[in-house]
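Source file: upload_23.cif; contents: mmCIF, C-alpha atoms and all ligand atoms.
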data_start
#
loop_
_atom_site.label_atom_id
_atom_site.label_comp_id
_atom_site.auth_asym_id
_atom_site.auth_seq_id
_atom_site.Cartn_x
_atom_site.Cartn_y
_atom_site.Cartn_z
CA MET A 1 23.35 -136.74 -76.24
CA ARG A 2 23.26 -140.32 -75.06
CA ALA A 3 23.07 -141.49 -78.63
CA ARG A 4 26.09 -139.41 -79.49
CA ILE A 5 28.07 -140.78 -76.59
CA ARG A 6 27.18 -144.25 -77.67
CA ALA A 7 28.22 -143.41 -81.18
CA VAL A 8 31.54 -142.14 -79.91
CA ILE A 9 32.10 -145.30 -77.93
CA ARG A 10 31.16 -147.40 -80.86
CA SER A 11 33.45 -145.65 -83.23
CA VAL A 12 36.31 -145.88 -80.78
CA ALA A 13 35.67 -149.55 -80.41
CA PHE A 14 35.56 -149.97 -84.16
CA SER A 15 38.76 -148.11 -84.73
CA ALA A 16 40.38 -150.06 -81.95
CA LEU A 17 39.46 -153.37 -83.46
CA GLY A 18 41.64 -153.17 -86.48
CA ALA A 19 44.83 -152.27 -84.76
CA LEU A 20 44.34 -153.93 -81.45
CA ALA A 21 45.34 -157.54 -81.33
CA LEU A 22 45.52 -157.99 -77.62
CA ALA A 23 46.02 -155.37 -75.00
CA GLY A 24 46.18 -156.69 -71.54
CA CYS A 25 48.12 -157.04 -68.41
CA ALA A 26 50.70 -159.74 -68.54
CA SER A 27 50.81 -162.00 -65.55
CA ILE A 28 54.10 -163.11 -64.12
CA ASP A 29 54.12 -166.44 -65.87
CA TYR A 30 53.34 -164.86 -69.18
CA GLU A 31 55.96 -163.33 -71.43
CA PRO A 32 54.86 -160.02 -72.92
CA VAL A 33 54.91 -160.00 -76.69
CA ALA A 34 57.23 -157.19 -77.61
CA THR A 35 56.18 -156.94 -81.22
CA GLN A 36 52.57 -156.11 -80.42
CA SER A 37 53.34 -152.54 -79.55
CA THR A 38 54.59 -151.97 -83.07
CA ALA A 39 51.15 -152.82 -84.42
CA MET A 40 49.97 -149.37 -83.32
CA PRO A 41 52.22 -146.98 -85.21
CA SER A 42 50.10 -143.88 -84.62
CA VAL A 43 50.59 -144.00 -80.89
CA PRO A 44 53.55 -142.17 -79.40
CA ALA A 45 55.74 -144.35 -77.25
CA PRO A 46 54.76 -144.04 -73.61
CA THR A 47 57.33 -142.61 -71.28
CA THR A 48 58.65 -144.57 -68.38
CA GLU A 49 59.10 -141.60 -66.12
CA VAL A 50 56.39 -140.55 -63.74
CA SER A 51 54.98 -137.09 -64.41
CA SER A 52 58.30 -135.94 -65.72
CA GLY A 53 58.03 -133.29 -68.39
CA VAL A 54 54.26 -133.47 -68.60
CA ASP A 55 52.78 -130.24 -69.86
CA PRO A 56 50.24 -129.19 -67.19
CA ALA A 57 48.16 -127.57 -69.94
CA ILE A 58 47.27 -131.00 -71.22
CA TYR A 59 45.42 -131.66 -68.01
CA LEU A 60 44.13 -128.13 -67.52
CA ASN A 61 42.40 -128.43 -70.88
CA ALA A 62 41.28 -132.00 -70.40
CA PRO A 63 37.63 -132.88 -70.81
CA ARG A 64 35.63 -134.32 -67.96
CA ALA A 65 34.74 -137.98 -67.95
CA PRO A 66 32.06 -139.01 -70.42
CA LEU A 67 29.31 -141.23 -69.07
CA LEU A 68 29.91 -144.51 -70.84
CA SER A 69 27.28 -147.20 -70.73
CA GLN A 70 28.31 -149.52 -73.53
CA LEU A 71 31.44 -151.54 -73.88
CA PHE A 72 32.59 -153.73 -76.76
CA ALA A 73 34.92 -156.65 -76.66
CA CYS A 74 38.25 -155.71 -78.24
CA SER A 75 38.49 -158.96 -80.14
CA ALA A 76 37.08 -162.43 -80.16
CA ASN A 77 38.20 -165.27 -77.95
CA ASN A 78 41.38 -163.71 -76.73
CA SER A 79 40.80 -163.43 -73.05
CA ASN A 80 38.41 -163.98 -70.18
CA ILE A 81 35.70 -161.66 -71.39
CA GLY A 82 33.14 -164.39 -71.70
CA PRO A 83 30.26 -164.52 -74.20
CA ILE A 84 30.77 -160.99 -75.50
CA SER A 85 34.19 -161.96 -76.72
CA ALA A 86 32.97 -165.04 -78.51
CA ASP A 87 30.01 -163.25 -80.06
CA ARG A 88 31.70 -159.91 -80.53
CA ALA A 89 28.72 -158.42 -78.84
CA SER A 90 28.73 -155.52 -76.43
CA LEU A 91 27.80 -154.91 -72.84
CA VAL A 92 25.32 -152.28 -71.78
CA TYR A 93 25.51 -151.22 -68.20
CA THR A 94 24.76 -148.40 -65.85
CA PRO A 95 27.62 -145.87 -65.93
CA TYR A 96 28.01 -145.91 -62.16
CA ILE A 97 28.87 -148.39 -59.47
CA ASN A 98 26.94 -147.55 -56.33
CA THR A 99 29.12 -147.81 -53.26
CA ALA A 100 29.06 -146.60 -49.68
CA ALA A 101 31.39 -143.82 -50.80
CA GLY A 102 29.05 -142.71 -53.56
CA ALA A 103 29.00 -143.35 -57.28
CA LEU A 104 32.06 -144.59 -59.14
CA LEU A 105 32.50 -144.76 -62.90
CA ARG A 106 32.50 -148.30 -64.20
CA ASP A 107 34.60 -147.17 -67.14
CA PRO A 108 36.88 -144.22 -66.30
CA THR A 109 38.29 -143.88 -69.82
CA GLU A 110 37.50 -141.62 -72.76
CA GLY A 111 36.35 -144.65 -74.66
CA ALA A 112 37.83 -148.11 -74.78
CA CYS A 113 37.07 -151.71 -75.51
CA LEU A 114 37.21 -154.53 -72.98
CA SER A 115 40.37 -156.51 -73.58
CA SER A 116 40.34 -158.58 -70.42
CA GLY A 117 37.71 -159.21 -67.81
CA PHE A 118 37.76 -159.73 -64.08
CA GLY A 119 38.69 -163.05 -62.55
CA TRP A 120 40.51 -166.18 -63.61
CA ARG A 121 42.57 -166.09 -66.79
CA ALA A 122 43.62 -169.47 -68.08
CA ARG A 123 47.05 -169.78 -69.66
CA GLY A 124 47.24 -173.28 -70.94
CA GLU A 125 47.17 -175.57 -67.95
CA THR A 126 47.83 -172.80 -65.48
CA GLY A 127 46.48 -169.31 -65.12
CA SER A 128 46.21 -166.34 -62.84
CA ASN A 129 43.59 -164.25 -61.17
CA HIS A 130 42.94 -160.91 -62.80
CA THR A 131 42.01 -158.52 -60.04
CA GLY A 132 40.64 -155.81 -62.29
CA ILE A 133 39.47 -155.20 -65.83
CA ASP A 134 41.52 -154.08 -68.82
CA LEU A 135 40.11 -151.25 -70.92
CA ALA A 136 42.08 -150.73 -74.12
CA ASN A 137 42.32 -148.00 -76.70
CA PRO A 138 45.32 -147.85 -79.05
CA ASN A 139 44.95 -144.06 -79.05
CA GLY A 140 45.31 -143.87 -75.30
CA GLY A 141 43.32 -140.96 -73.98
CA PHE A 142 42.58 -139.59 -70.53
CA ILE A 143 41.88 -141.62 -67.45
CA PHE A 144 39.45 -140.04 -64.99
CA ALA A 145 38.98 -140.30 -61.25
CA ALA A 146 36.12 -142.73 -60.83
CA GLY A 147 34.69 -140.68 -57.97
CA ASP A 148 35.58 -138.06 -55.40
CA GLY A 149 38.51 -139.07 -53.28
CA VAL A 150 42.02 -138.56 -52.04
CA VAL A 151 45.13 -139.68 -53.91
CA GLU A 152 46.81 -142.25 -51.71
CA TYR A 153 49.57 -143.14 -54.11
CA SER A 154 50.83 -142.00 -57.48
CA GLY A 155 54.00 -143.28 -59.04
CA TRP A 156 55.67 -146.47 -60.18
CA GLN A 157 54.52 -149.77 -58.79
CA GLY A 158 56.26 -152.84 -60.23
CA GLY A 159 54.46 -154.67 -63.01
CA TYR A 160 51.64 -152.15 -62.97
CA GLY A 161 54.00 -149.43 -64.17
CA ILE A 162 52.81 -145.92 -63.47
CA VAL A 163 49.78 -146.07 -61.20
CA VAL A 164 47.35 -143.93 -59.27
CA GLU A 165 45.42 -145.13 -56.24
CA ILE A 166 42.46 -143.17 -54.92
CA ASP A 167 40.86 -143.56 -51.50
CA HIS A 168 37.19 -142.70 -51.82
CA GLY A 169 36.49 -143.17 -48.11
CA ARG A 170 34.36 -145.80 -46.38
CA GLY A 171 36.65 -148.61 -47.45
CA VAL A 172 36.29 -147.89 -51.17
CA HIS A 173 39.42 -147.57 -53.33
CA THR A 174 40.21 -147.46 -57.02
CA PHE A 175 43.47 -148.32 -58.73
CA TYR A 176 44.62 -147.32 -62.22
CA GLY A 177 47.61 -149.09 -63.77
CA HIS A 178 49.91 -148.96 -66.84
CA LEU A 179 49.50 -145.18 -67.18
CA THR A 180 51.62 -143.10 -69.51
CA ASP A 181 51.82 -140.13 -67.20
CA ILE A 182 50.01 -138.57 -64.27
CA ASN A 183 48.38 -135.17 -63.94
CA PRO A 184 51.28 -133.16 -62.46
CA SER A 185 48.94 -131.37 -60.06
CA LEU A 186 48.22 -134.62 -58.25
CA HIS A 187 50.20 -135.64 -55.23
CA GLN A 188 49.72 -137.96 -52.32
CA GLY A 189 46.91 -136.52 -50.23
CA SER A 190 45.44 -134.46 -53.06
CA PHE A 191 41.67 -134.30 -53.19
CA VAL A 192 40.27 -135.11 -56.62
CA HIS A 193 36.78 -134.65 -57.92
CA GLY A 194 35.16 -137.57 -59.67
CA GLY A 195 35.39 -137.23 -63.43
CA THR A 196 38.63 -135.24 -63.34
CA ALA A 197 41.43 -136.29 -65.68
CA ILE A 198 44.12 -137.84 -63.48
CA ALA A 199 46.32 -139.56 -66.01
CA ARG A 200 46.63 -140.91 -69.55
CA MET A 201 46.32 -144.45 -70.75
CA GLY A 202 49.58 -146.20 -71.57
CA MET A 203 51.41 -149.49 -71.29
CA THR A 204 54.03 -148.93 -68.61
CA GLY A 205 55.06 -151.91 -66.55
CA ASN A 206 54.19 -155.41 -67.60
CA ALA A 207 51.63 -154.86 -70.36
CA THR A 208 51.07 -156.21 -73.84
CA GLY A 209 49.28 -153.19 -75.25
CA ILE A 210 47.98 -149.74 -74.45
CA HIS A 211 45.27 -150.14 -71.87
CA LEU A 212 44.07 -149.24 -68.40
CA HIS A 213 44.16 -151.84 -65.66
CA TYR A 214 41.27 -150.73 -63.46
CA GLU A 215 40.56 -152.09 -60.00
CA VAL A 216 37.81 -151.35 -57.55
CA SER A 217 38.30 -152.46 -53.98
CA ILE A 218 35.56 -152.47 -51.35
CA ASP A 219 36.49 -153.24 -47.76
CA GLY A 220 39.65 -154.90 -49.02
CA LEU A 221 37.85 -157.10 -51.53
CA LYS A 222 38.50 -156.53 -55.20
CA VAL A 223 35.27 -156.53 -57.14
CA ASP A 224 34.34 -156.63 -60.81
CA PRO A 225 33.79 -153.00 -61.85
CA LEU A 226 31.38 -154.09 -64.57
CA ASN A 227 29.24 -156.38 -62.49
CA TYR A 228 29.30 -154.94 -59.01
CA GLY A 229 26.00 -153.56 -57.77
CA ALA A 230 22.60 -153.56 -59.42
CA PRO A 231 21.39 -153.64 -62.09
CA GLN A 232 23.15 -156.44 -63.88
CA VAL A 233 25.13 -155.89 -67.01
CA VAL A 234 23.19 -156.74 -70.15
CA GLN A 235 24.77 -158.35 -73.16
CA VAL A 236 23.66 -156.92 -76.48
CA ASN A 237 23.78 -159.01 -79.61
CA GLN A 238 25.23 -156.34 -81.79
CA SER A 239 28.27 -157.17 -83.79
CA HIS A 240 31.24 -154.99 -84.50
CA ASP A 241 31.00 -156.18 -88.05
CA GLN A 242 27.61 -154.59 -88.55
CA PRO A 243 27.90 -151.00 -87.44
CA ILE A 244 24.55 -149.31 -87.50
CA ASP A 245 24.93 -145.64 -86.89
CA ALA A 246 28.62 -144.99 -86.62
CA PRO A 247 29.13 -141.28 -87.29
CA PRO A 248 31.85 -139.88 -89.56
CA PRO A 249 35.35 -140.42 -88.21
CA THR A 250 36.10 -136.71 -88.03
CA GLN A 251 33.35 -136.20 -85.52
CA THR A 252 34.16 -139.07 -83.32
CA GLN A 253 37.83 -139.73 -83.35
CA ILE A 254 39.30 -139.64 -79.90
CA SER A 255 43.02 -139.26 -79.80
CA ALA A 256 45.50 -138.79 -77.05
CA PRO A 257 46.44 -135.15 -76.60
CA PRO A 258 49.70 -134.16 -78.25
CA ALA A 259 52.65 -133.96 -75.96
CA SER A 260 53.55 -130.53 -77.29
CA ASP A 261 51.94 -127.13 -76.87
CA THR A 262 48.83 -127.75 -78.92
CA LYS A 263 45.56 -127.81 -77.08
CA PRO A 264 43.86 -131.16 -76.97
CA ASP A 265 40.84 -131.37 -79.21
CA THR A 266 38.05 -131.74 -76.73
CA SER A 267 35.34 -131.16 -79.27
CA ALA A 268 35.09 -134.82 -80.07
CA ILE A 269 34.06 -135.70 -76.56
CA GLU A 270 30.69 -134.88 -75.09
CA THR A 271 31.12 -133.34 -71.72
CA PRO A 272 28.22 -134.00 -69.43
CA ALA A 273 25.74 -131.19 -68.85
CA PRO A 274 26.24 -129.74 -65.41
CA SER A 275 22.76 -130.39 -64.10
CA SER A 276 21.77 -133.93 -64.83
CA GLN A 277 24.90 -135.65 -66.05
CA THR A 278 27.66 -134.64 -63.73
CA LEU A 279 29.09 -137.21 -61.45
CA PRO A 280 27.05 -137.37 -58.27
CA THR A 281 28.94 -136.32 -55.21
CA ALA A 282 29.68 -138.94 -52.65
CA PRO A 283 27.63 -138.72 -49.48
CA ALA A 284 30.80 -138.63 -47.44
CA ALA A 285 32.31 -135.85 -49.52
CA PRO A 286 33.25 -132.67 -47.72
CA PRO A 287 32.26 -129.18 -48.78
CA GLN A 288 33.91 -128.49 -52.08
CA PRO A 289 36.34 -127.50 -53.34
CA PRO A 290 39.67 -128.07 -51.65
CA ALA A 291 39.32 -129.22 -48.13
CA THR A 292 42.29 -130.10 -46.06
CA GLU A 293 40.89 -133.38 -44.79
CA PRO A 294 37.97 -134.32 -46.98
CA PHE A 295 37.76 -137.87 -45.79
CA GLN A 296 38.52 -139.90 -42.75
CA VAL A 297 41.44 -141.38 -44.60
CA THR A 298 43.08 -144.34 -43.02
CA PRO A 299 45.75 -145.32 -45.49
CA GLY A 300 47.32 -148.68 -45.16
CA ASP A 301 44.84 -150.36 -42.87
CA ASP A 302 42.18 -151.29 -45.32
CA GLY A 303 43.69 -154.35 -46.88
CA TRP A 304 44.49 -152.63 -50.15
CA THR A 305 47.14 -154.88 -51.59
CA PRO A 306 47.27 -155.00 -55.36
CA GLY A 307 47.74 -158.61 -56.38
CA LYS A 308 50.73 -160.13 -58.03
CA SER A 309 48.90 -160.73 -61.24
CA ASN A 310 48.23 -157.63 -63.22
ZN ZN A 401 44.77 -155.88 -66.04
#
Give the structure from this file in structure tokens form.
Ligand SMILES: [Zn+2]
Amino acid sequence: MRARIRAVIRSVAFSALGALALAGCASIDYEPVATQSTAMPSVPAPTTEVSSGVDPAIYLNAPRAPLLSQLFACSANNSNIGPISADRASLVYTPYINTAAGALLRDPTEGACLSSGFGWRARGETGSNHTGIDLANPNGGFIFAAGDGVVEYSGWQGGYGIVVEIDHGRGVHTFYGHLTDINPSLHQGSFVHGGTAIARMGMTGNATGIHLHYEVSIDGLKVDPLNYGAPQVVQVNQSHDQPIDAPPPTQTQISAPPASDTKPDTSAIETPAPSSQTLPTAPAAPPQPPATEPFQVTPGDDGWTPGKSN
């Protein structure tokens, strides 16, 4: 099971490599390169309207979040990824961030590569602070709630395009940017279970490629989703150029669900077994499902202010 998940991740990363030059958030002082979106011809153009015309069946039939514990650099030396970018190695990490609000997914995608890391991004003599991580996949795919929580905002937000913000309680928030669309059943105040598909990866707003901008905020401080909490992330000296056990493409291809009436092919994605692999419930979570006030939600007073750089 774990091996298969890893294989899926690997193959996604491999397939992403060829087409993906650079997918990342563009900061204000950085002009997005318009031509880069044309390098991914198989991907339908993302909409710019929030939740408009989204077939609810896409989300009703969506898989649950896979537990990802390995992440490849999308390409070498193109961003602030650090040694894994230079070496084209991968990161191995625990799938969860442990927080006061319970466990959060470090990587809430179906499978992606790391196109930009957390922290300072140099742009020549200047730069900007990247307050999240960018997880890219030219095929898009679902974005999952990192943990149980309440939707505090869903809609358009400037350079981040279509976004979702989730309040997990106890000062813990997650933010998902550049989405293509949002699960139409989600609204402000909706309770969402961790691992539920909330949106699809896109490039709305100020973005140079199809990716998720993912932020985790704890008591108002934005933290690195890959490095927060123990144990530390481990770099693995395994190159993209030397795939070891990549399974056949037909078994592992992850593609964004079609926008029409066809059911998404969920067979390619391992869904976690209910007993051992489901997302742990947060300690503060209410009896489930739908509760009217699952958390002591105090929107607006927790310092959650997405930065200018995205
Ligand atoms: Zn970003």
Pull the closest atom pair for each residue of chain A that gets at most 10 Å from ligand ZN 401 (chain A), along with the distance in Å to one decimal, counting all atoms listed in the file, ordering rows by chain and then ascending residue number, as JSON lines.
{"residue": "A:Ala23", "atom": "CA", "partner": "A:ZN401", "partner_atom": "ZN", "distance": 9.1}
{"residue": "A:Gly24", "atom": "CA", "partner": "A:ZN401", "partner_atom": "ZN", "distance": 5.7}
{"residue": "A:Cys25", "atom": "CA", "partner": "A:ZN401", "partner_atom": "ZN", "distance": 4.3}
{"residue": "A:Ala26", "atom": "CA", "partner": "A:ZN401", "partner_atom": "ZN", "distance": 7.5}
{"residue": "A:Ser27", "atom": "CA", "partner": "A:ZN401", "partner_atom": "ZN", "distance": 8.6}
{"residue": "A:Ser115", "atom": "CA", "partner": "A:ZN401", "partner_atom": "ZN", "distance": 8.8}
{"residue": "A:Ser116", "atom": "CA", "partner": "A:ZN401", "partner_atom": "ZN", "distance": 6.8}
{"residue": "A:Gly117", "atom": "CA", "partner": "A:ZN401", "partner_atom": "ZN", "distance": 8.0}
{"residue": "A:Phe118", "atom": "CA", "partner": "A:ZN401", "partner_atom": "ZN", "distance": 8.2}
{"residue": "A:Asn129", "atom": "CA", "partner": "A:ZN401", "partner_atom": "ZN", "distance": 9.8}
{"residue": "A:His130", "atom": "CA", "partner": "A:ZN401", "partner_atom": "ZN", "distance": 6.3}
{"residue": "A:Thr131", "atom": "CA", "partner": "A:ZN401", "partner_atom": "ZN", "distance": 7.1}
{"residue": "A:Gly132", "atom": "CA", "partner": "A:ZN401", "partner_atom": "ZN", "distance": 5.6}
{"residue": "A:Ile133", "atom": "CA", "partner": "A:ZN401", "partner_atom": "ZN", "distance": 5.3}
{"residue": "A:Asp134", "atom": "CA", "partner": "A:ZN401", "partner_atom": "ZN", "distance": 4.6}
{"residue": "A:Leu135", "atom": "CA", "partner": "A:ZN401", "partner_atom": "ZN", "distance": 8.2}
{"residue": "A:Ala136", "atom": "CA", "partner": "A:ZN401", "partner_atom": "ZN", "distance": 10.0}
{"residue": "A:Tyr160", "atom": "CA", "partner": "A:ZN401", "partner_atom": "ZN", "distance": 8.4}
{"residue": "A:Tyr176", "atom": "CA", "partner": "A:ZN401", "partner_atom": "ZN", "distance": 9.4}
{"residue": "A:Gly177", "atom": "CA", "partner": "A:ZN401", "partner_atom": "ZN", "distance": 7.7}
{"residue": "A:His178", "atom": "CA", "partner": "A:ZN401", "partner_atom": "ZN", "distance": 8.7}
{"residue": "A:Asn206", "atom": "CA", "partner": "A:ZN401", "partner_atom": "ZN", "distance": 9.6}
{"residue": "A:Ala207", "atom": "CA", "partner": "A:ZN401", "partner_atom": "ZN", "distance": 8.2}
{"residue": "A:His211", "atom": "CA", "partner": "A:ZN401", "partner_atom": "ZN", "distance": 8.2}
{"residue": "A:Leu212", "atom": "CA", "partner": "A:ZN401", "partner_atom": "ZN", "distance": 7.1}
{"residue": "A:His213", "atom": "CA", "partner": "A:ZN401", "partner_atom": "ZN", "distance": 4.1}
{"residue": "A:Tyr214", "atom": "CA", "partner": "A:ZN401", "partner_atom": "ZN", "distance": 6.7}
{"residue": "A:Glu215", "atom": "CA", "partner": "A:ZN401", "partner_atom": "ZN", "distance": 8.3}
{"residue": "A:Ser309", "atom": "CA", "partner": "A:ZN401", "partner_atom": "ZN", "distance": 8.0}
{"residue": "A:Asn310", "atom": "CA", "partner": "A:ZN401", "partner_atom": "ZN", "distance": 4.8}
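Nearest to A:Phe72 of all the residues A:Asp148, A:Asp55, A:Asp219, A:Asp107 is A:Asp107, based on all atoms listed in the file.
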Nearest to A:Gly149 among A:Cys113, A:Leu71, A:Val163, A:Leu186, with distances taken over only C-alpha atoms: which residue is it?
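Using only C-alpha atoms, the shortest distance to A:Gly149 belongs to A:Leu186.
A straight line drawn from atom CA of A:Ala76 to atom CA of A:Gly124 is 17.5 Å long.
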Could you list, as a tab-separated table (two decimals) with C-alpha atoms, in the coordinates of the input, every residue within 8 Å of A:Glu165, counting all atoms listed in the file and ignoring same-chain residues fewer than 3 positions away?
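around29.tsv, written as the output of this step:
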chain	number	residue	atom	x	y	z
A	151	VAL	CA	45.13	-139.68	-53.91
A	152	GLU	CA	46.81	-142.25	-51.71
A	153	TYR	CA	49.57	-143.14	-54.11
A	154	SER	CA	50.83	-142.00	-57.48
A	173	HIS	CA	39.42	-147.57	-53.33
A	174	THR	CA	40.21	-147.46	-57.02
A	175	PHE	CA	43.47	-148.32	-58.73
A	176	TYR	CA	44.62	-147.32	-62.22
What separates atom CA of A:Ser217 and atom CA of A:Ala62 is a distance of 26.4 Å
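Across the structure, atom CA of A:Asn139 and atom CA of A:Trp120 are spaced 27.3 Å apart.
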Extract, using all atoms listed in the file, all DNA, RNA and protein residues at most 7 Å from stretch 108-111 of chain A, discarding same-chain residues fewer than 6 positions from it, and format them as a PDB file with C-alpha atoms, in the coordinates of the input.
ATOM      1  CA  ILE A   9      32.100-145.300 -77.930  1.00  0.00           C
ATOM      2  CA  VAL A  12      36.310-145.880 -80.780  1.00  0.00           C
ATOM      3  CA  ALA A  65      34.740-137.980 -67.950  1.00  0.00           C
ATOM      4  CA  PRO A  66      32.060-139.010 -70.420  1.00  0.00           C
ATOM      5  CA  GLY A 141      43.320-140.960 -73.980  1.00  0.00           C
ATOM      6  CA  PHE A 142      42.580-139.590 -70.530  1.00  0.00           C
ATOM      7  CA  ILE A 143      41.880-141.620 -67.450  1.00  0.00           C
ATOM      8  CA  PHE A 144      39.450-140.040 -64.990  1.00  0.00           C
ATOM      9  CA  ALA A 145      38.980-140.300 -61.250  1.00  0.00           C
ATOM     10  CA  ALA A 146      36.120-142.730 -60.830  1.00  0.00           C
TER      11      ALA A 146
END
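Using all atoms listed in the file, the nearest neighbour of A:Val192 within the list A:Gly209, A:Pro56, A:Gly127, A:Gly147 is A:Gly147.
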Could you check the closest approach to A:Ile97 for each of A:Ile58, A:Gly195, A:Gly229, A:Gly202 and tell me which residue wins, using all atoms listed in the file?
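Between A:Ile58, A:Gly195, A:Gly229, A:Gly202, the residue approaching A:Ile97 most closely is A:Gly229.
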The residue from A:Ile198, A:Leu114, A:Cys74, A:Val236 with the smallest atom-to-atom distance to A:Ile166, counting all atoms listed in the file, is A:Ile198
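Proximity to A:Val234 at 9 Å, evaluated using all atoms listed in the file and with sequence-adjacent residues fewer than 5 positions away removed, yields A:Ser90, A:Leu91, A:Val92, A:Tyr93.
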Let me know the centre plus edge lengths, in Å and rounded to one decimal, of a box with edges along x, y and z that contains all listed atoms of stretch 55-66 of chain A and is padded by 4 Å on every side, as AutoDock Vina command-line options.
--center_x 42.4 --center_y -133.3 --center_z -69.2 --size_x 28.7 --size_y 19.4 --size_z 12.0
Min atom-atom distance to A:Gly161 from the set A:Ile210, A:Ala197, A:Leu67, A:Ala122, counting only C-alpha atoms, belongs to A:Ile210
